[in-house]
Each structure stands twice: as structure tokens, then as C-alpha cells.
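Data first, discussion second: the structure below is written as C-alpha cells.
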Amino acid sequence: MEPLPQFSILHPSTADEAARMRAENPDARFLAGGTDLMVNIRRGIERPSAVIDLGGIADLSSVSMAGNGDLRIGASVTLDRLIEDESIVSRFPVLVEAAKQVAGSTHRTMATVGGNLCLDTRCLFYNQSEWWRQSNDYCLKHRGEVCHVAPTGKRCHAAFSGDLAPALLVLGAEAEIVGPDGTRTIPLADLYRDDGADHLTLANGELLTAVTVPAASQSFVAGYEKNRVRGGIDFPLAGVAVALRRDGSSLAGLRVALTGTNSFPLLIDGADDLNGGTVDEALLDALQKLVMKQVQPMRSTLTASNYRRTVACALARRLTARLFAQA
Ligand SMILES: Cc1cc2nc3c(=O)[nH]c(=O)nc-3n(C[C@H](O)[C@H](O)[C@H](O)COP(=O)(O)OP(=O)(O)OC[C@H]3O[C@@H](n4cnc5c(N)ncnc54)[C@H](O)[C@@H]3O)c2cc1C
Ligand code: SF4
């Protein structure tokens, strides 16, 4: 680790002020819990002239329910708080399941929902010390010219590895964004793009202020499972969230989302085409085919890409069968 470099710390008290500060300092970074950002600064990956501390913006720290029952979770809500919030535990337990699997218990006291959703992508050749990366001539994502994972390509394949995004995606969550031009709301899936070096669609100055989970998603039964090298504390090699609805012996709704395999959290396309039948081996085979085709794990971790692909398929099958049985 490098010594902490010099930077100034800005303390906005509203989201508008934070957006203005960022627009005026494009190389500044938003600081939430700091559990990922500070590590990246100490590794020399991030060298911001300023950090904009979101901790003083009261509106970002609340969990509230709208008149129509939609749940709004502020970006600065910590994962510990999310895990203990009764309105989340009782209505959307899949969020608790996913949050409990993020990092270790001490991280979760500081780590926030916004930081988890805006987490930088990860790669074996990127999340390393300055001297390690320098001795490998850096890489395309940061200061270098070649991607060591796909040397003939011109894009970065670092993987998005946040645990909360897939759980929120299968619940149909929306992202609330504040920027210099005001507030906009988009489907959470649209917060991301398929580029490991620039995976967020936030424009300069924009920050994530909240996510909203529609009340209607309560009619789904949902779950999250991940596979990791160290069971106690580790990023997912592959993580899968499934939400489904059952009508008698038939599947009446299916959403599947993955993390750890692509440069963005992947909502599987075509899962709803499986509705109408029962969940048997044939349906699980068809689901596996969809997952197999859409996941793109690359050699960005020590674990073989094909293993991560196999794990993604196995988790999707297992979780779908389990949830259907309990729905
Ligand atoms: C040992 C270790 C293990 C970990 N394991 C896991 C794991 O298993 N699963 C997992 O998901 N994560 C893991 N993490 C990463 C991290 O702890 C979590 O993802 C955490 O939720 C990040 O939240 P934070 O508030 O600390 O974010 P920060 O570190 O403060 O920020 C992360 C990034 O998001 C940006 N950001 C923060 N808030 C906003 C906002 N509101 N709008 C726009 N941009 C914003 C920051 O500028 C920064 O780029 C691990 C970290 C460590 C050190
Ligand atoms: S995928 Fe390639 S460009 Fe991206 S971080 Fe890894 S080595 Fe660098």
C-alpha cells in the first residue's frame, strides 16, 4: 500500500451541492463508506484531488415508504442498517440475504448501498499495488496500453462484483440520480454499461441518491446465492439472484440476475419466456442455456473463467428450483 496522498475533503450538505462540487472538480471522487475507494487510493489506482464526503447529506441516509407502498432506500444507508430495517426484512428479505454476504461485518458498518452499487469493477491485473502494476506495465484500464486479459482487444473486461445489484435488479428497482441538470429516475439496469473501464452511465457531476423498489415486487419470492474462494469474506466469483412467481403448478414470472461474471450486473434476457410450465429438469436446462449464453467471465480472477460460468449456471438452477418449491 502507498501512503495516503494529499487531497482535500469537501463536505456538501445537499445532493445538489455535491453534484455541483463534482461538476466543478471532474477528478474528485464521491466518498461514501470508503471501504473500496480508500483501498484504491492507497493502491494508487485512484488519485483524486478531492473527495466529496456524502456522509453529511441527511436525505441520503433514510429508508422510507411512499404512499403507494414503494420502498425508497437512500444511497448512504449502510448495509448494517439495511440488514436490520424491519420494513426491508419483512418485505424484501432478498436484499438482506445479499447485504449479509458483502465483505465482513466491520466493513458493513461503514459500507453503503450507493457505494456497493457504484463499486468499481475488479480484475487480477488492476486491484494490485502500484509497484505490482508498474512492473507489469500497468494495463488498458489504468495508465497502460494493453489488456493482459485479452491482449488483442481494445476494451477492459474487469468484472462488476457488487452483491446488492442483482438482488435489486430482480425486484425491478429504479435508480434516482441527481446531477447539475436536476433529478432523473432510470431502471437500475440502465445505471450500467458493458465496459469494465467505464461501467457507470452517470454523467459528470451526477451521483446516485437512492434506489426505489416497487411494492408490486412483493408478489415475487426471491433469493440470492454467491460462490467465493474464502467463505468468510470475499467478492463473488459468481453471484445469482432469482425472483419468481408461481400460479398453481406453473411458473408465472421469472427474473434472474448475475454479478461477478460480466462488467455490469447482468439481468438475464428471455427468462420470462420460460413462464407457463412447471419447474422441471427441462425448464432448468433451458434456463441454464440462457445463462450460459449471456455470462462472459474472462480471465480477470485467479479462478478459471469456465469454472465461474459453470458455477453461475449451477446457482441459477439450484436457486430457481428451491424458490419454486417454497413459493
Ligand atoms: C476485504 C474486502 C472485501 C470485500 N468484499 C465484498 C463483497 O463480498 N461484496 C461486495 O459487494 N463488495 C465487497 N467489498 C467492497 C466494498 O466493501 C463494498 O462493495 C461496499 O458496499 C462499498 O460501499 P462504500 O460505501 O464503502 O463505497 P465507497 O468505497 O465509499 O465507494 C465505492 C465507489 O462508489 C462511488 N460512490 C459511492 N457512493 C456513490 C454515490 N452515491 N453516487 C455515485 N458514486 C458513488 C465512489 O466514488 C467509489 O468509486 C469488499 C471490500 C473489501 C476491502
Ligand atoms: S480486464 Fe484488462 S484492461 Fe481491464 S483491468 Fe483487467 S487487465 Fe486491465
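Ligands are numbered from 1 in the order shown, chains are lettered A, B, ... in the order of the C-alpha cells, and residues start at 1 in each chain.
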| Environment of ligand 2 within 10 Å, counting only C-alpha atoms and all ligand atoms, reported as an MDAnalysis selection string | chainID A and resid 121:127 133 136 138:151 153:159 195:197 263 298:301
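Per DSSP on the backbone, helix (DSSP H, G or I) in range 202-271 of chain A comprises A:Ala215, A:Ala216, A:Ser217, A:Gln218, A:Ser219, A:Ala271.
With only C-alpha atoms and all ligand atoms as the atoms that count, the minimum distance from ligand 1 to the choices A:Gly270, A:Gly248, A:Gly33, A:Gly172 is reached by A:Gly33.
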Write out, as CSV, each residue of chain A that has an atom at most 8 Å from ligand 1, together with the closest pair of atoms and their distance in Å to one decimal, counting only C-alpha atoms and all ligand atoms, rows going by chain and rising number.
residue,atom,partner,partner_atom_place_in_ligand_line,distance
A:Arg29,CA,ligand 1,47 (O),4.7
A:Phe30,CA,ligand 1,47 (O),3.9
A:Leu31,CA,ligand 1,30 (O),4.3
A:Ala32,CA,ligand 1,30 (O),3.4
A:Gly33,CA,ligand 1,25 (O),3.4
A:Gly34,CA,ligand 1,30 (O),3.3
A:Thr35,CA,ligand 1,26 (O),3.6
A:Asp36,CA,ligand 1,29 (O),3.5
A:Leu37,CA,ligand 1,29 (O),3.7
A:Met38,CA,ligand 1,29 (O),6.2
A:Val39,CA,ligand 1,53 (C),6.7
A:Leu54,CA,ligand 1,41 (N),7.2
A:Ala75,CA,ligand 1,41 (N),5.1
A:Ser76,CA,ligand 1,41 (N),6.7
A:Thr78,CA,ligand 1,25 (O),7.2
A:Leu79,CA,ligand 1,21 (O),7.0
A:Ala99,CA,ligand 1,11 (O),7.9
A:Gln101,CA,ligand 1,8 (O),6.0
A:Val102,CA,ligand 1,9 (N),3.8
A:Ala103,CA,ligand 1,5 (N),3.3
A:Gly104,CA,ligand 1,3 (C),6.5
A:His107,CA,ligand 1,17 (O),5.7
A:Arg108,CA,ligand 1,21 (O),7.0
A:Met110,CA,ligand 1,26 (O),6.1
A:Ala111,CA,ligand 1,26 (O),3.7
A:Thr112,CA,ligand 1,25 (O),3.7
A:Val113,CA,ligand 1,21 (O),6.0
A:Gly114,CA,ligand 1,41 (N),4.4
A:Gly115,CA,ligand 1,27 (O),3.3
A:Asn116,CA,ligand 1,21 (O),3.6
A:Leu117,CA,ligand 1,34 (O),7.0
A:Cys118,CA,ligand 1,34 (O),4.1
A:Leu119,CA,ligand 1,33 (C),4.4
A:Asp120,CA,ligand 1,49 (O),5.7
A:Ser161,CA,ligand 1,11 (O),5.7
A:Gly162,CA,ligand 1,11 (O),3.3
A:Asp163,CA,ligand 1,11 (O),4.2
A:Leu164,CA,ligand 1,11 (O),6.5
A:Ile177,CA,ligand 1,42 (N),8.0
A:Leu202,CA,ligand 1,43 (C),7.7
A:Glu206,CA,ligand 1,43 (C),7.0
A:Leu207,CA,ligand 1,42 (N),3.7
A:Leu208,CA,ligand 1,42 (N),3.8
A:Thr209,CA,ligand 1,41 (N),5.4
A:Ala210,CA,ligand 1,41 (N),7.7
A:Ile233,CA,ligand 1,3 (C),6.0
A:Asp234,CA,ligand 1,8 (O),4.3
A:Phe235,CA,ligand 1,8 (O),3.5
A:Pro236,CA,ligand 1,8 (O),6.0
Restrict the selected residues to C-alpha atoms and save them as a PDB file, in the first residue's frame.
ATOM      1  CA  ARG A  29     -14.451  11.269  -6.160  1.00  0.00           C
ATOM      2  CA  PHE A  30     -17.594  10.750  -4.074  1.00  0.00           C
ATOM      3  CA  LEU A  31     -16.791   9.175  -0.710  1.00  0.00           C
ATOM      4  CA  ALA A  32     -19.464   7.021   0.946  1.00  0.00           C
ATOM      5  CA  GLY A  33     -18.252   4.349   3.414  1.00  0.00           C
ATOM      6  CA  GLY A  34     -14.818   4.398   1.771  1.00  0.00           C
ATOM      7  CA  THR A  35     -14.347   0.631   2.104  1.00  0.00           C
ATOM      8  CA  ASP A  36     -13.445   0.321  -1.587  1.00  0.00           C
ATOM      9  CA  LEU A  37     -12.428   3.860  -2.524  1.00  0.00           C
ATOM     10  CA  MET A  38      -9.826   4.249   0.235  1.00  0.00           C
ATOM     11  CA  VAL A  39      -8.214   0.919  -0.703  1.00  0.00           C
ATOM     12  CA  LEU A  54     -21.600  12.234   1.144  1.00  0.00           C
ATOM     13  CA  ALA A  75     -27.691   5.809  -1.143  1.00  0.00           C
ATOM     14  CA  SER A  76     -25.914   6.450   2.185  1.00  0.00           C
ATOM     15  CA  THR A  78     -25.275   1.411   5.492  1.00  0.00           C
ATOM     16  CA  LEU A  79     -25.516  -2.311   4.801  1.00  0.00           C
ATOM     17  CA  ALA A  99     -26.206  -7.461   2.005  1.00  0.00           C
ATOM     18  CA  GLN A 101     -22.804 -11.589   2.077  1.00  0.00           C
ATOM     19  CA  VAL A 102     -20.931  -8.337   1.349  1.00  0.00           C
ATOM     20  CA  ALA A 103     -17.385  -8.247   2.760  1.00  0.00           C
ATOM     21  CA  GLY A 104     -17.003  -8.673   6.547  1.00  0.00           C
ATOM     22  CA  HIS A 107     -16.960  -3.327   6.531  1.00  0.00           C
ATOM     23  CA  ARG A 108     -20.765  -3.475   6.610  1.00  0.00           C
ATOM     24  CA  MET A 110     -19.460   1.647   7.062  1.00  0.00           C
ATOM     25  CA  ALA A 111     -20.273   0.276   3.589  1.00  0.00           C
ATOM     26  CA  THR A 112     -23.295   1.860   1.915  1.00  0.00           C
ATOM     27  CA  VAL A 113     -25.929   0.894  -0.638  1.00  0.00           C
ATOM     28  CA  GLY A 114     -24.725   3.621  -3.040  1.00  0.00           C
ATOM     29  CA  GLY A 115     -21.072   2.589  -2.709  1.00  0.00           C
ATOM     30  CA  ASN A 116     -21.993  -1.033  -3.346  1.00  0.00           C
ATOM     31  CA  LEU A 117     -23.979  -0.177  -6.478  1.00  0.00           C
ATOM     32  CA  CYS A 118     -21.291   2.200  -7.790  1.00  0.00           C
ATOM     33  CA  LEU A 119     -18.427  -0.152  -6.870  1.00  0.00           C
ATOM     34  CA  ASP A 120     -15.527  -0.066  -9.332  1.00  0.00           C
ATOM     35  CA  SER A 161     -18.666  -7.750  -8.288  1.00  0.00           C
ATOM     36  CA  GLY A 162     -21.186  -5.939  -6.086  1.00  0.00           C
ATOM     37  CA  ASP A 163     -23.625  -8.278  -4.313  1.00  0.00           C
ATOM     38  CA  LEU A 164     -26.623  -5.955  -3.964  1.00  0.00           C
ATOM     39  CA  ILE A 177     -29.850  10.262  -9.783  1.00  0.00           C
ATOM     40  CA  LEU A 202     -23.507   8.582 -14.612  1.00  0.00           C
ATOM     41  CA  GLU A 206     -24.123  13.039 -11.222  1.00  0.00           C
ATOM     42  CA  LEU A 207     -24.495  10.936  -8.089  1.00  0.00           C
ATOM     43  CA  LEU A 208     -26.805   8.123  -7.106  1.00  0.00           C
ATOM     44  CA  THR A 209     -29.131   9.378  -4.369  1.00  0.00           C
ATOM     45  CA  ALA A 210     -31.493   6.426  -3.812  1.00  0.00           C
ATOM     46  CA  ILE A 233     -15.192 -12.782   3.353  1.00  0.00           C
ATOM     47  CA  ASP A 234     -14.782 -12.444  -0.396  1.00  0.00           C
ATOM     48  CA  PHE A 235     -16.110 -10.941  -3.590  1.00  0.00           C
ATOM     49  CA  PRO A 236     -18.331 -13.266  -5.646  1.00  0.00           C
TER      50      PRO A 236
END
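Here CA of Gln326 in chain A and CA of Leu267 in chain A stand 22.6 Å from one another.
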Can I get the residues of range 168-238 of chain A within 6 Å of range 3-20 of chain A, each with the closest pair of atoms and their distance in Å to one decimal, using only C-alpha atoms, sorted chain first then ascending number, as CSV?
residue,atom,partner,partner_atom,distance
A:Gly179,CA,A:Ala19,CA,5.2
A:Pro180,CA,A:Ala19,CA,5.9
A:Gly205,CA,A:Ala19,CA,4.7
A:Glu206,CA,A:Ala19,CA,5.6
Write a file of the selected residues as a compact mmCIF listing (two decimals), in the first residue's frame, keeping N, CA, C and O atoms.
# COMPACT_ATOMS: atom_id res chain seq x y z
N GLY A 179 -28.01 15.42 -10.55
CA GLY A 179 -26.87 15.99 -11.26
C GLY A 179 -27.06 17.47 -11.47
O GLY A 179 -28.05 18.04 -11.01
N PRO A 180 -26.13 18.08 -12.18
CA PRO A 180 -26.23 19.53 -12.40
C PRO A 180 -27.54 19.92 -13.10
O PRO A 180 -28.00 21.04 -12.94
N GLY A 205 -20.65 14.89 -12.67
CA GLY A 205 -21.40 15.65 -11.67
C GLY A 205 -22.57 14.85 -11.08
O GLY A 205 -23.10 15.23 -10.04
N GLU A 206 -22.96 13.77 -11.73
CA GLU A 206 -24.12 13.04 -11.22
C GLU A 206 -23.75 12.07 -10.10
O GLU A 206 -22.69 11.45 -10.13
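Nearest residue to Gln128 in chain A, choosing from A:Arg43, A:Arg81, A:Arg22, A:Arg255 and counting only C-alpha atoms: A:Arg43.
Restricting the calculation to only C-alpha atoms, the smallest distance between Val89 in chain A and any of A:Thr185, A:Gln218, A:Ser129, A:Ser105 is found for A:Gln218.
Using only C-alpha atoms, the shortest contact distance between Ala327 in chain A and any of A:Val96, A:Ala222, A:Met65, A:Leu82 is found at A:Ala222.
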| query | Using only C-alpha atoms, which of A:Leu266, A:Ala257, A:Thr310, A:Glu225 sits nearest Glu97 in chain A? | reply | A:Glu225
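Closest to Val256 in chain A among A:Thr278, A:Asn227, A:Asn204, A:Gln294 is A:Gln294, based on only C-alpha atoms.
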| task | Give me every strand (DSSP E or B) residue in range 31-265 of chain A, going by DSSP on the backbone, as a count of residues only. | result | 67
